[in-house]
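The next block is query.cif, given as mmCIF, C-alpha atoms.
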data_coords
#
loop_
_atom_site.group_PDB
_atom_site.id
_atom_site.type_symbol
_atom_site.label_atom_id
_atom_site.label_comp_id
_atom_site.auth_asym_id
_atom_site.auth_seq_id
_atom_site.Cartn_x
_atom_site.Cartn_y
_atom_site.Cartn_z
ATOM 1 C CA MET A 1 0.000 0.000 0.000
ATOM 2 C CA THR A 2 1.328 3.401 -0.979
ATOM 3 C CA THR A 3 1.051 6.483 1.208
ATOM 4 C CA SER A 4 2.711 9.235 -0.842
ATOM 5 C CA GLU A 5 -0.563 10.805 -2.048
ATOM 6 C CA THR A 6 1.119 12.888 -4.731
ATOM 7 C CA TYR A 7 -1.634 12.530 -7.291
ATOM 8 C CA ARG A 8 -1.330 13.787 -10.850
ATOM 9 C CA TRP A 9 -2.935 13.038 -14.198
ATOM 10 C CA ARG A 10 -1.022 11.978 -17.302
ATOM 11 C CA LYS A 11 -2.472 11.780 -20.796
ATOM 12 C CA THR A 12 -1.887 8.523 -22.652
ATOM 13 C CA THR A 13 -2.774 7.534 -26.175
ATOM 14 C CA ASP A 14 -3.843 4.426 -27.985
ATOM 15 C CA ILE A 15 -4.074 4.469 -31.770
ATOM 16 C CA ASN A 16 -7.045 2.104 -31.598
ATOM 17 C CA ARG A 17 -9.146 4.573 -29.580
ATOM 18 C CA GLU A 18 -10.950 7.688 -30.737
ATOM 19 C CA HIS A 19 -10.342 9.480 -27.407
ATOM 20 C CA ALA A 20 -7.237 9.594 -25.226
ATOM 21 C CA LEU A 21 -7.002 7.932 -21.835
ATOM 22 C CA PHE A 22 -5.783 9.686 -18.723
ATOM 23 C CA GLU A 23 -3.844 7.876 -16.007
ATOM 24 C CA LEU A 24 -4.107 8.873 -12.366
ATOM 25 C CA LEU A 25 -0.696 8.466 -10.797
ATOM 26 C CA ASP A 26 0.214 8.369 -7.109
ATOM 27 C CA GLY A 27 3.915 9.026 -7.299
ATOM 28 C CA ASP A 28 5.094 6.451 -9.845
ATOM 29 C CA ILE A 29 2.159 4.073 -9.370
ATOM 30 C CA THR A 30 -0.692 4.063 -11.883
ATOM 31 C CA MET A 31 -3.890 3.975 -9.848
ATOM 32 C CA LEU A 32 -6.444 4.033 -12.647
ATOM 33 C CA ASP A 33 -7.168 4.909 -16.264
ATOM 34 C CA ALA A 34 -10.096 7.132 -17.162
ATOM 35 C CA GLY A 35 -11.519 8.382 -20.422
ATOM 36 C CA PHE A 36 -14.304 8.274 -22.941
ATOM 37 C CA THR A 37 -14.993 5.195 -25.007
ATOM 38 C CA ASP A 38 -15.570 5.482 -28.745
ATOM 39 C CA ASP A 39 -19.297 5.473 -27.876
ATOM 40 C CA GLY A 40 -18.882 8.522 -25.601
ATOM 41 C CA ILE A 41 -19.182 6.727 -22.253
ATOM 42 C CA PHE A 42 -16.819 7.871 -19.479
ATOM 43 C CA GLU A 43 -15.146 4.794 -17.989
ATOM 44 C CA VAL A 44 -12.701 4.149 -15.168
ATOM 45 C CA ALA A 45 -10.431 1.097 -14.974
ATOM 46 C CA PHE A 46 -8.635 0.509 -11.676
ATOM 47 C CA ASN A 47 -5.105 -0.890 -11.793
ATOM 48 C CA PRO A 48 -4.900 -4.268 -9.995
ATOM 49 C CA SER A 49 -1.592 -3.269 -8.380
ATOM 50 C CA ILE A 50 -3.386 -0.840 -6.033
ATOM 51 C CA GLY A 51 -4.971 -3.589 -3.954
ATOM 52 C CA GLY A 52 -5.197 -2.415 -0.365
ATOM 53 C CA LYS A 53 -5.142 1.290 -1.264
ATOM 54 C CA VAL A 54 -7.464 3.256 1.022
ATOM 55 C CA MET A 55 -8.766 6.693 0.051
ATOM 56 C CA GLU A 56 -11.546 8.931 1.303
ATOM 57 C CA LEU A 57 -14.552 8.787 -0.996
ATOM 58 C CA GLU A 58 -14.683 12.584 -1.362
ATOM 59 C CA LYS A 59 -11.042 12.660 -2.492
ATOM 60 C CA LEU A 60 -11.656 9.898 -5.037
ATOM 61 C CA LEU A 61 -14.706 11.725 -6.382
ATOM 62 C CA ARG A 62 -12.724 14.997 -6.701
ATOM 63 C CA LEU A 63 -9.949 13.199 -8.565
ATOM 64 C CA LEU A 64 -12.445 11.492 -10.885
ATOM 65 C CA ASP A 65 -14.085 14.861 -11.565
ATOM 66 C CA GLU A 66 -10.654 16.252 -12.509
ATOM 67 C CA GLY A 67 -10.055 13.310 -14.836
ATOM 68 C CA ARG A 68 -13.456 13.685 -16.439
ATOM 69 C CA LEU A 69 -12.828 17.401 -16.998
ATOM 70 C CA LEU A 70 -9.483 16.633 -18.662
ATOM 71 C CA ALA A 71 -11.152 14.037 -20.877
ATOM 72 C CA GLU A 72 -13.997 16.437 -21.759
ATOM 73 C CA ARG A 73 -11.551 19.151 -22.777
ATOM 74 C CA ASP A 74 -9.657 16.678 -24.955
ATOM 75 C CA ARG A 75 -12.690 15.432 -26.888
#

Can you turn what I pasted into C-alpha cells?
Amino acid sequence: MTTSETYRWRKTTDINREHALFELLDGDITMLDAGFTDDGIFEVAFNPSIGGKVMELEKLLRLLDEGRLLAERDR
C-alpha cells in the first residue's frame, strides 16, 4: 500500500481509440485509467496493483471529476 498521495494526471494515447485515456498516478504508481470510449461513455479502470489502497470517498470523487474534466476538454 502506498502512502505518498502525490496525485497527478497523465495523458496517454492508444491508436485504436478515438479518445485519449488519462492515467491517475500516485507518485510512480498508476492507480487508474479514465476516459471516454468510442461510444462517448466515461469509464474508469482501476489498476490491480493498487490492492489495499485506502482513500476517502470525497477525495476519489474529486480526482475522478478532474479526470473527467481533462477528458472532456480533450474530446

Spell out the residues picked by the PyMOL selection byres ((chain A and resi 20) around 10) here, as a PyMOL selection string. chain A and resi 11-19+21-23+34-38+70-71+74-75

Gap from atom CA of A:Leu60 to atom CA of A:Tyr7 - Å, one decimal: 10.6 Å

What is the atom CA of A:Trp9-atom CA of A:Gly40 distance in Å, reported with one decimal? 20.1 Å

For the file shown, what are the residues hit by the PyMOL selection byres ((chain A and resi 44) around 7), laid out as JSON, numbers by chain? {"A": [32, 33, 34, 35, 43, 45, 46]}

Written file, previous selection with C-alpha atoms, as a PDB file, in the frame of the given file:
ATOM      1  CA  LEU A  32      -6.444   4.033 -12.647  1.00  0.00           C
ATOM      2  CA  ASP A  33      -7.168   4.909 -16.264  1.00  0.00           C
ATOM      3  CA  ALA A  34     -10.096   7.132 -17.162  1.00  0.00           C
ATOM      4  CA  GLY A  35     -11.519   8.382 -20.422  1.00  0.00           C
ATOM      5  CA  GLU A  43     -15.146   4.794 -17.989  1.00  0.00           C
ATOM      6  CA  ALA A  45     -10.431   1.097 -14.974  1.00  0.00           C
ATOM      7  CA  PHE A  46      -8.635   0.509 -11.676  1.00  0.00           C
TER       8      PHE A  46
END

Residue nearest A:Asp26 among A:Leu57, A:Ile50, A:Leu69, A:Leu64 (counting all atoms listed in the file):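 Answer, going by the shortest atom-to-atom distance: A:Ile50.
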
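For the atom pair formed by atom CA of A:Asn47 and atom CA of A:Asp28, the distance is 12.7 Å, given to one decimal.
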
Written as a PDB file with C-alpha atoms, in the frame of the given file, which residues does the PyMOL selection byres ((chain A and resi 27) around 12) give for the file shown?
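Dumped to expr-v3.pdb:
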ATOM      1  CA  THR A   2       1.328   3.401  -0.979  1.00  0.00           C
ATOM      2  CA  THR A   3       1.051   6.483   1.208  1.00  0.00           C
ATOM      3  CA  SER A   4       2.711   9.235  -0.842  1.00  0.00           C
ATOM      4  CA  GLU A   5      -0.563  10.805  -2.048  1.00  0.00           C
ATOM      5  CA  THR A   6       1.119  12.888  -4.731  1.00  0.00           C
ATOM      6  CA  TYR A   7      -1.634  12.530  -7.291  1.00  0.00           C
ATOM      7  CA  ARG A   8      -1.330  13.787 -10.850  1.00  0.00           C
ATOM      8  CA  TRP A   9      -2.935  13.038 -14.198  1.00  0.00           C
ATOM      9  CA  ARG A  10      -1.022  11.978 -17.302  1.00  0.00           C
ATOM     10  CA  GLU A  23      -3.844   7.876 -16.007  1.00  0.00           C
ATOM     11  CA  LEU A  24      -4.107   8.873 -12.366  1.00  0.00           C
ATOM     12  CA  LEU A  25      -0.696   8.466 -10.797  1.00  0.00           C
ATOM     13  CA  ASP A  26       0.214   8.369  -7.109  1.00  0.00           C
ATOM     14  CA  ASP A  28       5.094   6.451  -9.845  1.00  0.00           C
ATOM     15  CA  ILE A  29       2.159   4.073  -9.370  1.00  0.00           C
ATOM     16  CA  THR A  30      -0.692   4.063 -11.883  1.00  0.00           C
ATOM     17  CA  MET A  31      -3.890   3.975  -9.848  1.00  0.00           C
TER      18      MET A  31
END

Restore N, CA, C and O atoms in stretch 13-35 of chain A and list the result as a compact mmCIF listing (two decimals), keeping the file's coordinate frame.
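So rebuild-v3.txt came out as:
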# COMPACT_ATOMS: atom_id res chain seq x y z
N THR A 13 -2.10 7.70 -24.89
CA THR A 13 -2.77 7.53 -26.18
C THR A 13 -2.80 6.07 -26.56
O THR A 13 -2.00 5.26 -26.09
N ASP A 14 -3.72 5.76 -27.41
CA ASP A 14 -3.84 4.43 -27.98
C ASP A 14 -4.39 4.63 -29.39
O ASP A 14 -5.48 5.19 -29.55
N ILE A 15 -3.66 4.20 -30.39
CA ILE A 15 -4.07 4.47 -31.77
C ILE A 15 -5.39 3.78 -32.13
O ILE A 15 -6.01 4.14 -33.11
N ASN A 16 -5.80 2.81 -31.32
CA ASN A 16 -7.04 2.10 -31.60
C ASN A 16 -8.26 2.75 -30.94
O ASN A 16 -9.36 2.23 -31.03
N ARG A 17 -8.06 3.88 -30.27
CA ARG A 17 -9.15 4.57 -29.58
C ARG A 17 -9.37 5.93 -30.22
O ARG A 17 -8.44 6.59 -30.66
N GLU A 18 -10.62 6.36 -30.22
CA GLU A 18 -10.95 7.69 -30.74
C GLU A 18 -10.53 8.78 -29.75
O GLU A 18 -10.10 9.85 -30.15
N HIS A 19 -10.65 8.50 -28.45
CA HIS A 19 -10.34 9.48 -27.41
C HIS A 19 -9.18 8.99 -26.56
O HIS A 19 -9.03 7.79 -26.32
N ALA A 20 -8.39 9.93 -26.07
CA ALA A 20 -7.24 9.59 -25.23
C ALA A 20 -7.70 9.07 -23.87
O ALA A 20 -8.81 9.34 -23.42
N LEU A 21 -6.82 8.34 -23.22
CA LEU A 21 -7.00 7.93 -21.84
C LEU A 21 -6.15 8.83 -20.95
O LEU A 21 -5.13 9.38 -21.39
N PHE A 22 -6.56 8.95 -19.70
CA PHE A 22 -5.78 9.69 -18.72
C PHE A 22 -5.51 8.76 -17.55
O PHE A 22 -6.42 8.09 -17.05
N GLU A 23 -4.25 8.72 -17.13
CA GLU A 23 -3.84 7.88 -16.01
C GLU A 23 -3.76 8.74 -14.76
O GLU A 23 -3.20 9.83 -14.80
N LEU A 24 -4.29 8.23 -13.66
CA LEU A 24 -4.11 8.87 -12.37
C LEU A 24 -2.93 8.20 -11.69
O LEU A 24 -2.95 6.99 -11.47
N LEU A 25 -1.91 8.99 -11.42
CA LEU A 25 -0.70 8.47 -10.80
C LEU A 25 -0.61 8.93 -9.34
O LEU A 25 -0.96 10.06 -9.02
N ASP A 26 -0.14 8.04 -8.49
CA ASP A 26 0.21 8.37 -7.11
C ASP A 26 1.71 8.13 -7.01
O ASP A 26 2.15 6.98 -6.90
N GLY A 27 2.48 9.20 -7.16
CA GLY A 27 3.92 9.03 -7.30
C GLY A 27 4.20 8.37 -8.63
O GLY A 27 3.83 8.90 -9.68
N ASP A 28 4.80 7.20 -8.62
CA ASP A 28 5.09 6.45 -9.85
C ASP A 28 4.09 5.33 -10.12
O ASP A 28 4.23 4.61 -11.09
N ILE A 29 3.10 5.18 -9.25
CA ILE A 29 2.16 4.07 -9.37
C ILE A 29 0.90 4.52 -10.11
O ILE A 29 0.28 5.51 -9.74
N THR A 30 0.54 3.79 -11.16
CA THR A 30 -0.69 4.06 -11.88
C THR A 30 -1.85 3.49 -11.08
O THR A 30 -1.93 2.29 -10.86
N MET A 31 -2.74 4.39 -10.65
CA MET A 31 -3.89 3.98 -9.85
C MET A 31 -5.05 3.55 -10.73
O MET A 31 -5.72 2.57 -10.45
N LEU A 32 -5.31 4.33 -11.79
CA LEU A 32 -6.44 4.03 -12.65
C LEU A 32 -6.28 4.73 -13.99
O LEU A 32 -5.47 5.64 -14.13
N ASP A 33 -7.05 4.27 -14.95
CA ASP A 33 -7.17 4.91 -16.26
C ASP A 33 -8.60 5.40 -16.38
O ASP A 33 -9.53 4.71 -15.96
N ALA A 34 -8.76 6.58 -16.97
CA ALA A 34 -10.10 7.13 -17.16
C ALA A 34 -10.17 7.80 -18.53
O ALA A 34 -9.18 8.36 -19.00
N GLY A 35 -11.33 7.73 -19.14
CA GLY A 35 -11.52 8.38 -20.42
C GLY A 35 -12.81 7.96 -21.07
O GLY A 35 -13.54 7.11 -20.54
